[in-house]
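K.L.:
So here's protein_2.txt, just compact mmCIF, C-alpha atoms:
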# COMPACT_ATOMS: atom_id res chain seq x y z
CA MET I 1 0.00 0.00 0.00
CA LEU I 2 2.83 2.34 0.90
CA LEU I 3 4.49 1.69 -2.45
CA ILE I 4 1.18 2.34 -4.27
CA MET I 5 0.66 5.62 -2.37
CA CYS I 6 4.20 6.73 -3.14
CA GLY I 7 3.61 5.89 -6.81
CA CYS I 8 0.39 7.89 -6.90
CA ILE I 9 2.06 10.88 -5.27
CA ALA I 10 4.91 10.69 -7.75
CA CYS I 11 2.45 10.70 -10.67
CA THR I 12 0.48 13.73 -9.35
CA PRO I 13 1.54 16.90 -11.18
CA THR I 14 3.13 19.49 -8.91
CA VAL I 15 1.81 23.04 -8.74
CA SER I 16 4.74 24.16 -10.88
CA ASN I 17 4.02 21.46 -13.46
CA LYS I 18 0.35 22.45 -13.63
CA ALA I 19 1.31 26.07 -14.32
CA LYS I 20 3.79 24.92 -16.96
CA ILE I 21 1.14 22.79 -18.65
CA LEU I 22 -1.15 25.83 -18.89
CA LEU I 23 1.71 27.98 -20.17
CA ASP I 24 2.58 25.38 -22.83
CA LYS I 25 -1.04 25.32 -23.95
CA ALA I 26 -1.17 29.11 -24.06
CA THR I 27 2.05 29.19 -26.10
CA SER I 28 0.64 26.64 -28.51
CA HIS I 29 -2.52 28.68 -29.09
CA TYR I 30 -0.39 31.81 -29.49
CA SER I 31 1.72 30.16 -32.19
CA LYS I 32 -1.50 29.29 -34.06
CA GLY I 33 -2.75 32.88 -33.87
CA GLU I 34 -5.51 31.93 -31.42
CA TYR I 35 -4.85 34.95 -29.25
CA ASN I 36 -8.10 35.08 -27.26
CA THR I 37 -7.70 31.49 -26.04
CA ALA I 38 -4.04 32.12 -25.24
CA LYS I 39 -4.95 35.19 -23.18
CA LEU I 40 -7.55 33.24 -21.20
CA LEU I 41 -4.96 30.61 -20.32
CA VAL I 42 -2.44 33.28 -19.30
CA ASP I 43 -5.06 34.84 -17.02
CA SER I 44 -5.68 31.41 -15.49
CA ILE I 45 -1.99 31.06 -14.62
CA HIS I 46 -2.02 34.36 -12.73
CA THR I 47 -5.28 33.47 -10.98
CA GLN I 48 -4.58 29.85 -10.07
CA PHE I 49 -0.86 30.08 -9.30
CA PRO I 50 -0.25 33.49 -7.71
CA ARG I 51 2.92 32.24 -5.91
CA ASN I 52 4.55 30.68 -8.94
CA ILE I 53 6.71 33.67 -9.82
CA GLU I 54 8.76 31.95 -12.51
CA GLU I 55 5.83 30.74 -14.60
CA ARG I 56 3.93 33.98 -14.08
CA LYS I 57 6.91 35.92 -15.42
CA LYS I 58 6.93 33.76 -18.53
CA ALA I 59 3.17 34.19 -18.80
CA ARG I 60 3.57 37.97 -18.60
CA ILE I 61 6.13 37.90 -21.41
CA LEU I 62 3.78 35.76 -23.48
CA MET I 63 0.96 38.26 -22.90
CA PHE I 64 3.18 41.10 -24.13
CA ASN I 65 3.91 39.07 -27.27
CA ILE I 66 0.20 38.42 -27.80
CA GLU I 67 -0.62 42.12 -27.41
CA TYR I 68 2.22 43.01 -29.79
CA GLN I 69 0.86 40.71 -32.50
CA GLU I 70 -2.70 41.93 -32.01
CA THR I 71 -1.64 45.57 -32.17
CA ALA I 72 0.54 44.97 -35.24
CA ARG I 73 -2.40 43.23 -36.91
CA ASN I 74 -4.63 46.20 -36.09
CA LEU I 75 -2.11 48.59 -37.62
CA LEU I 76 -2.00 46.54 -40.81
CA TYR I 77 -5.80 46.79 -41.03
CA LEU I 78 -5.72 50.55 -40.43
CA ASP I 79 -2.98 50.96 -43.03
CA SER I 80 -5.20 49.25 -45.58
CA ILE I 81 -8.47 51.06 -44.82
CA MET I 82 -7.35 54.60 -43.99
CA PRO I 83 -6.32 55.55 -47.55
CA LEU I 84 -9.77 54.49 -48.78
CA VAL I 85 -11.53 56.53 -46.10
CA GLN I 86 -9.32 59.54 -46.79
CA GLN I 87 -9.94 59.26 -50.54
CA GLN I 88 -13.68 59.29 -49.90
CA TRP I 89 -13.31 62.23 -47.51
CA ASP I 90 -11.22 64.17 -50.05
CA SER I 91 -13.81 63.63 -52.77
CA MET I 92 -16.53 65.03 -50.51
CA ALA I 93 -14.43 67.89 -49.13
CA VAL I 94 -14.23 69.65 -52.51
CA ASP I 95 -17.78 70.92 -51.89
CA TYR I 96 -16.83 72.58 -48.61
CA ILE I 97 -15.09 75.76 -47.56
CA LEU I 98 -12.78 75.84 -44.56
CA LEU I 99 -14.04 78.74 -42.47
CA ASP I 100 -11.81 81.29 -40.79
CA THR I 101 -10.97 79.60 -37.48
CA ALA I 102 -8.72 82.28 -35.99
CA TYR I 103 -10.89 82.44 -32.91
CA VAL I 104 -11.79 78.76 -32.51
CA GLU I 105 -9.66 75.71 -31.81
CA LYS I 106 -11.32 73.28 -34.23
CA LYS I 107 -11.46 73.40 -38.01
CA THR I 108 -14.93 74.16 -39.32
CA TYR I 109 -16.29 73.40 -42.78
CA GLN I 110 -19.33 74.81 -44.55
CA HIS I 111 -20.96 73.66 -47.78
CA ASN I 112 -20.28 76.08 -50.64
CA VAL I 113 -24.03 76.40 -51.25
CA PHE I 114 -24.29 78.34 -47.99
CA GLN I 115 -21.24 80.43 -48.86
CA LYS I 116 -22.65 81.57 -52.21
CA GLN I 117 -26.14 82.58 -51.09
CA THR I 118 -27.29 85.92 -49.71
CA PRO I 119 -28.10 85.67 -45.97
CA SER I 120 -31.83 85.30 -45.36
CA THR I 121 -34.29 83.45 -43.18
CA THR I 122 -33.23 79.83 -43.57
CA LEU I 123 -31.36 76.89 -42.05
CA ILE I 124 -27.68 76.23 -42.68
CA CYS I 125 -25.08 74.10 -40.93
CA GLU I 126 -21.38 73.71 -40.22
CA VAL I 127 -19.29 70.56 -39.94
CA MET I 128 -16.62 70.42 -37.26
CA GLU I 129 -13.35 68.51 -37.71
CA THR I 130 -14.60 66.13 -35.01
CA GLY I 131 -17.52 65.12 -37.21
CA ASP I 132 -20.06 67.07 -35.16
CA ILE I 133 -22.61 69.37 -36.80
CA ASN I 134 -23.75 72.83 -35.79
CA LEU I 135 -27.23 73.58 -37.14
CA ILE I 136 -27.82 77.33 -37.52
CA SER I 137 -31.24 78.90 -37.76
CA ILE I 138 -31.24 82.37 -39.33
CA ASN I 139 -34.12 84.82 -39.05
CA ALA I 140 -33.97 88.12 -40.91
CA GLY I 141 -36.50 90.93 -40.52
CA ASN I 142 -39.09 91.06 -37.79
CA ALA I 143 -37.81 90.19 -34.31
CA ARG I 144 -39.18 86.84 -33.23
CA ASN I 145 -36.86 85.90 -30.37
CA HIS I 146 -36.98 82.32 -31.58
CA VAL I 147 -35.37 79.73 -29.32
CA ALA I 148 -36.19 76.45 -31.08
CA VAL I 149 -36.85 75.00 -34.52
CA LYS I 150 -39.32 72.40 -35.72
CA VAL I 151 -39.06 70.75 -39.14
CA SER I 152 -41.85 68.71 -40.67
CA SER I 153 -42.79 66.91 -43.84
CA ASN I 154 -46.30 65.56 -44.30
CA ASP I 155 -47.24 64.08 -40.92
CA VAL I 156 -43.78 63.56 -39.42
CA TYR I 157 -41.54 66.08 -37.69
CA ALA I 158 -38.44 66.63 -35.58
CA ASP I 159 -37.55 69.49 -33.30
CA THR I 160 -34.65 70.98 -31.38
CA LYS I 161 -34.32 71.80 -27.75
CA GLU I 162 -34.52 75.45 -26.73
CA VAL I 163 -31.56 77.82 -26.79
CA ALA I 164 -32.49 80.77 -24.56
CA VAL I 165 -32.35 84.31 -25.93
CA ASN I 166 -29.69 85.26 -23.37
CA ASN I 167 -27.53 82.27 -24.39
CA ALA I 168 -24.27 82.91 -26.28
CA TYR I 169 -25.53 80.58 -29.02
CA ASN I 170 -28.59 82.79 -29.58
CA ASN I 171 -27.10 85.84 -31.25
CA GLN I 172 -29.30 88.83 -32.07
CA PHE I 173 -28.13 92.06 -33.70
CA THR I 174 -29.15 94.83 -36.12
CA ASP I 175 -27.26 95.47 -39.35
CA LEU I 176 -28.22 98.18 -41.85
CA GLY I 177 -31.59 98.46 -40.19
CA ILE I 178 -32.32 94.73 -40.45
CA GLN I 179 -32.91 92.64 -37.34
CA TRP I 180 -30.98 89.37 -37.39
CA GLU I 181 -31.25 86.27 -35.22
CA TYR I 182 -28.65 83.50 -35.47
CA VAL I 183 -29.46 80.55 -33.24
CA THR I 184 -26.90 77.73 -33.18
CA PHE I 185 -27.97 74.24 -32.18
CA ASP I 186 -25.01 71.99 -31.40
CA LYS I 187 -24.97 68.22 -30.89
CA ASN I 188 -26.48 68.62 -27.41
CA ASN I 189 -29.67 70.39 -28.45
CA GLN I 190 -30.25 69.89 -32.19
CA GLY I 191 -32.13 66.65 -31.65
CA GLU I 192 -32.83 64.64 -34.81
CA VAL I 193 -33.32 67.67 -37.04
CA PRO I 194 -30.17 67.23 -39.23
CA GLY I 195 -30.95 63.56 -39.78
CA PHE I 196 -34.59 64.40 -40.53
CA ILE I 197 -33.55 66.88 -43.23
CA GLU I 198 -31.16 64.29 -44.68
CA LEU I 199 -34.02 61.81 -44.91
CA TYR I 200 -36.57 64.19 -46.43
CA ALA I 201 -34.24 66.43 -48.47
CA ASN I 202 -36.07 65.62 -51.70
CA GLN I 203 -39.46 66.52 -50.27
CA ASN I 204 -41.01 69.77 -49.09
CA ILE I 205 -39.78 70.56 -45.59
CA THR I 206 -41.59 73.10 -43.43
CA VAL I 207 -39.52 74.98 -40.88
CA SER I 208 -41.19 76.53 -37.84
CA LEU I 209 -39.36 79.09 -35.71
CA LEU I 210 -40.62 78.81 -32.15
CA GLY I 211 -40.37 81.82 -29.88
CA ASP I 212 -42.23 84.98 -28.95
CA ARG I 213 -43.66 85.21 -32.45
CA ASN I 214 -43.77 81.87 -34.24
CA TYR I 215 -43.02 81.86 -37.96
CA THR I 216 -43.22 79.16 -40.62
CA TYR I 217 -41.55 78.88 -44.02
CA THR I 218 -40.55 76.23 -46.56
CA LEU I 219 -36.88 75.29 -46.59
CA SER I 220 -35.35 75.70 -50.04
CA ARG I 221 -34.50 72.44 -51.78
CA ASN I 222 -30.90 73.59 -52.28
CA ASN I 223 -30.39 74.18 -48.57
CA ALA I 224 -32.09 70.92 -47.68
CA LYS I 225 -29.76 69.00 -50.01
CA ALA I 226 -26.73 70.92 -48.72
CA ILE I 227 -27.64 70.04 -45.12
CA ALA I 228 -28.18 66.40 -46.12
CA ALA I 229 -24.77 66.34 -47.81
CA SER I 230 -23.23 67.96 -44.72
CA VAL I 231 -24.66 65.23 -42.49
CA GLN I 232 -23.00 62.63 -44.73
CA PHE I 233 -19.75 64.61 -44.80
CA ALA I 234 -19.84 64.85 -41.00
CA ARG I 235 -20.29 61.09 -40.78
CA GLN I 236 -17.26 60.53 -43.02
CA THR I 237 -15.26 63.11 -41.06
CA ALA I 238 -16.06 61.37 -37.76
CA LEU I 239 -14.98 58.01 -39.22
CA TYR I 240 -11.72 59.44 -40.52
CA LYS I 241 -11.03 61.13 -37.18
CA GLN I 242 -11.73 57.89 -35.31
CA LEU I 243 -9.35 55.91 -37.52
CA GLN I 244 -6.62 58.52 -37.04
CA SER I 245 -7.08 58.31 -33.28
CA GLU I 246 -6.97 54.49 -33.32
CA TYR I 247 -3.85 54.56 -35.47
CA LYS I 248 -2.03 56.82 -33.01
CA LYS I 249 -3.14 54.72 -30.04
CA SER I 250 -1.96 51.52 -31.75
CA THR I 251 1.37 53.06 -32.72
CA ASP I 252 1.95 54.30 -29.17
CA LYS I 253 0.94 50.94 -27.72
CA LEU I 254 3.30 49.08 -30.04
CA ALA I 255 6.21 51.25 -28.92
CA TRP I 256 5.25 50.69 -25.27
CA ILE I 257 5.11 46.91 -25.71
CA LYS I 258 8.52 46.94 -27.40
CA GLN I 259 9.97 48.70 -24.36
CA LYS I 260 8.40 46.15 -22.03
CA LEU I 261 9.72 43.21 -24.05
CA VAL I 262 13.20 44.70 -24.19
CA ALA I 263 13.05 45.15 -20.42
CA GLU I 264 12.04 41.50 -20.11
CA GLU I 265 14.87 40.55 -22.49
CA SER I 266 12.50 38.72 -24.78
CA PRO I 267 12.22 38.92 -28.59
CA TYR I 268 8.95 40.08 -30.10
Let me see the file written as structure tokens.
P.N.:
Amino acid sequence: MLLIMCGCIACTPTVSNKAKILLDKATSHYSKGEYNTAKLLVDSIHTQFPRNIEERKKARILMFNIEYQETARNLLYLDSIMPLVQQQWDSMAVDYILLDTAYVEKKTYQHNVFQKQTPSTTLICEVMETGDINLISINAGNARNHVAVKVSSNDVYADTKEVAVNNAYNNQFTDLGIQWEYVTFDKNNQGEVPGFIELYANQNITVSLLGDRNYTYTLSRNNAKAIAASVQFARQTALYKQLQSEYKKSTDKLAWIKQKLVAEESPY
């Protein structure tokens, strides 16, 4: 019996051997490009064998190698897709004017349709370099103190939140005897109005100025189409900006991992 017990004990894997078995499995999955499975096994080593310093060190090095390969793979994908996104952005950008941004931090674009027309009561918009849109409601003539806008087509509508008269985004002034109101609705209070105009740009859109003296007019088809195009341009701008941000993050992460692997004296 004693000999049998000794034999059984000898055949039982030690804690160190168990950790090594997991590490070997993780390494095998890593070599096959099965990074998610490899990471799960590495996590198990740290969780199940917290006192096994030697195997945990090897597991940490393996995790750095996994992250390196994943990040390098992500950069290859970004390298392939970013030129296509930029080409599409460039083709759309020819219809936009870069506004004078001497007093603002972010680049701002405006469709050339808005640049060529004489200011009047209408809706226009601007596209920020972040991909956000500023919807601007212009009222010329009688003072209306409008604080919100409602757009409708047939039986459907969308509206903005209110921008108070004393708000910096509700600008009122007189020029050559004409009363002007410029109310800017940013991403926080424009609601679904830009998207609504994009959807119904080829139909008659009624614009209602809501304030002390409500006023209703029909949005010109040219402005409706220019706003719709601006929404699409903003979407492309946001995508391009996101890819640029991801590319920088991946590049920085790759450099960081290299430093860690050099410190661990392990090839990547």
K.L.:
Find the spatial neighbours of Phe233 (chain I), counting all atoms listed in the file, within a cut-off of 9 Å - ignore same-chain residues fewer than 4 positions away - and output them as a PyMOL selection string.
P.N.:
chain I and resi 89+92-93+127+131+228-229+237-238
K.L.:
Give me, please, the distance in Å between CA of Asn142 (chain I) and CA of Thr121 (chain I), quoted to one decimal.
P.N.:
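That distance, rounded to one decimal, is 10.5 Å.
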K.L.:
If I take CA of Tyr169 (chain I) and CA of Ala140 (chain I), how far is one from the other in Å, to one decimal?
P.N.:
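Interatomic distance here is 16.4 Å.
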K.L.:
Have a look at CA of Lys106 (chain I) and CA of Asp159 (chain I) and let me know their distance in Å, one decimal.
P.N.:
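CA of Asp159 (chain I) lies 26.5 Å from CA of Lys106 (chain I).
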K.L.:
Just want the 6 Å neighbourhood of Ala201 (chain I), counted on only C-alpha atoms, with same-chain residues fewer than 2 positions away dropped. Output as a list of chain:residue names.
P.N.:
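Near Ala201 (chain I), the qualifying residues are I:Ile197, I:Glu198, I:Leu199, I:Gln203, I:Ala224, I:Lys225.
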K.L.:
So that I can see what lies close to region 243-247 of chain I, please list as a PyMOL selection string the residues with an atom at most 7 Å from it, counting all atoms listed in the file and leaving out residues fewer than 4 positions away in the same chain.
P.N.:
chain I and resi 75+78+82+239+251
K.L.:
Measuring between all atoms listed in the file, which one of I:Asn154, I:Asn189, I:Ser230, I:Asn145 shows the shortest distance to Asn214 (chain I)?
P.N.:
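Among I:Asn154, I:Asn189, I:Ser230, I:Asn145, it is I:Asn145 that comes nearest to Asn214 (chain I).
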K.L.:
Please provide the set of residues having any atom within 8 Å of region 19-28 of chain I, restricted to all atoms listed in the file, with same-chain residues fewer than 6 positions apart removed, written as number ranges by chain.
P.N.:
I: 37-39, 41-42, 44-45, 49, 52, 55, 58-59, 62
K.L.:
In terms of the shortest atom-to-atom distance over only C-alpha atoms, which of I:Val262, I:Ile97, I:Met63, I:Ile81 is closest to Gln115 (chain I)?
P.N.:
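With only C-alpha atoms as the atom set, the closest residue is I:Ile97.
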K.L.:
Find the smallest box with edges along x, y and z containing every listed atom of region 252-257 of chain I, then add 8 Å on each side and report centre and edge lengths in Å to one decimal, as AutoDock Vina command-line options.
P.N.:
--center_x 3.6 --center_y 50.6 --center_z -27.7 --size_x 21.3 --size_y 23.4 --size_z 20.8
K.L.:
Which residues, written as a PyMOL selection string, have at least one atom at most 7 Å from Thr216 (chain I), with all atoms listed in the file counted and residues fewer than 3 positions away on the same chain left out?
P.N.:
chain I and resi 206-209
K.L.:
Rank nothing, just name the residue among I:Asp186, I:Glu67, I:Glu54, I:Asp79 nearest to Lys248 (chain I), using all atoms listed in the file.
P.N.:
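For Lys248 (chain I), the nearest of the candidates is I:Asp79.
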K.L.:
Just checking: using all atoms listed in the file, which residue out of I:His111, I:Arg51, I:Arg73, I:His46 ends up closest to Asn223 (chain I)?
P.N.:
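Closest to Asn223 (chain I), using all atoms listed in the file: I:His111.
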K.L.:
Point out the residue among I:Tyr200, I:Gly33, I:Ala148, I:Thr218 with the least atom-to-atom distance to Asn65 (chain I), counting all atoms listed in the file.
P.N.:
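The closest residue to Asn65 (chain I) is I:Gly33.
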K.L.:
Given all atoms listed in the file as the basis, pick out the residue of I:Thr130, I:Asn139, I:Asn202, I:Asn74 nearest to Glu181 (chain I).
P.N.:
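Distance minimum relative to Glu181 (chain I) lands on I:Asn139.
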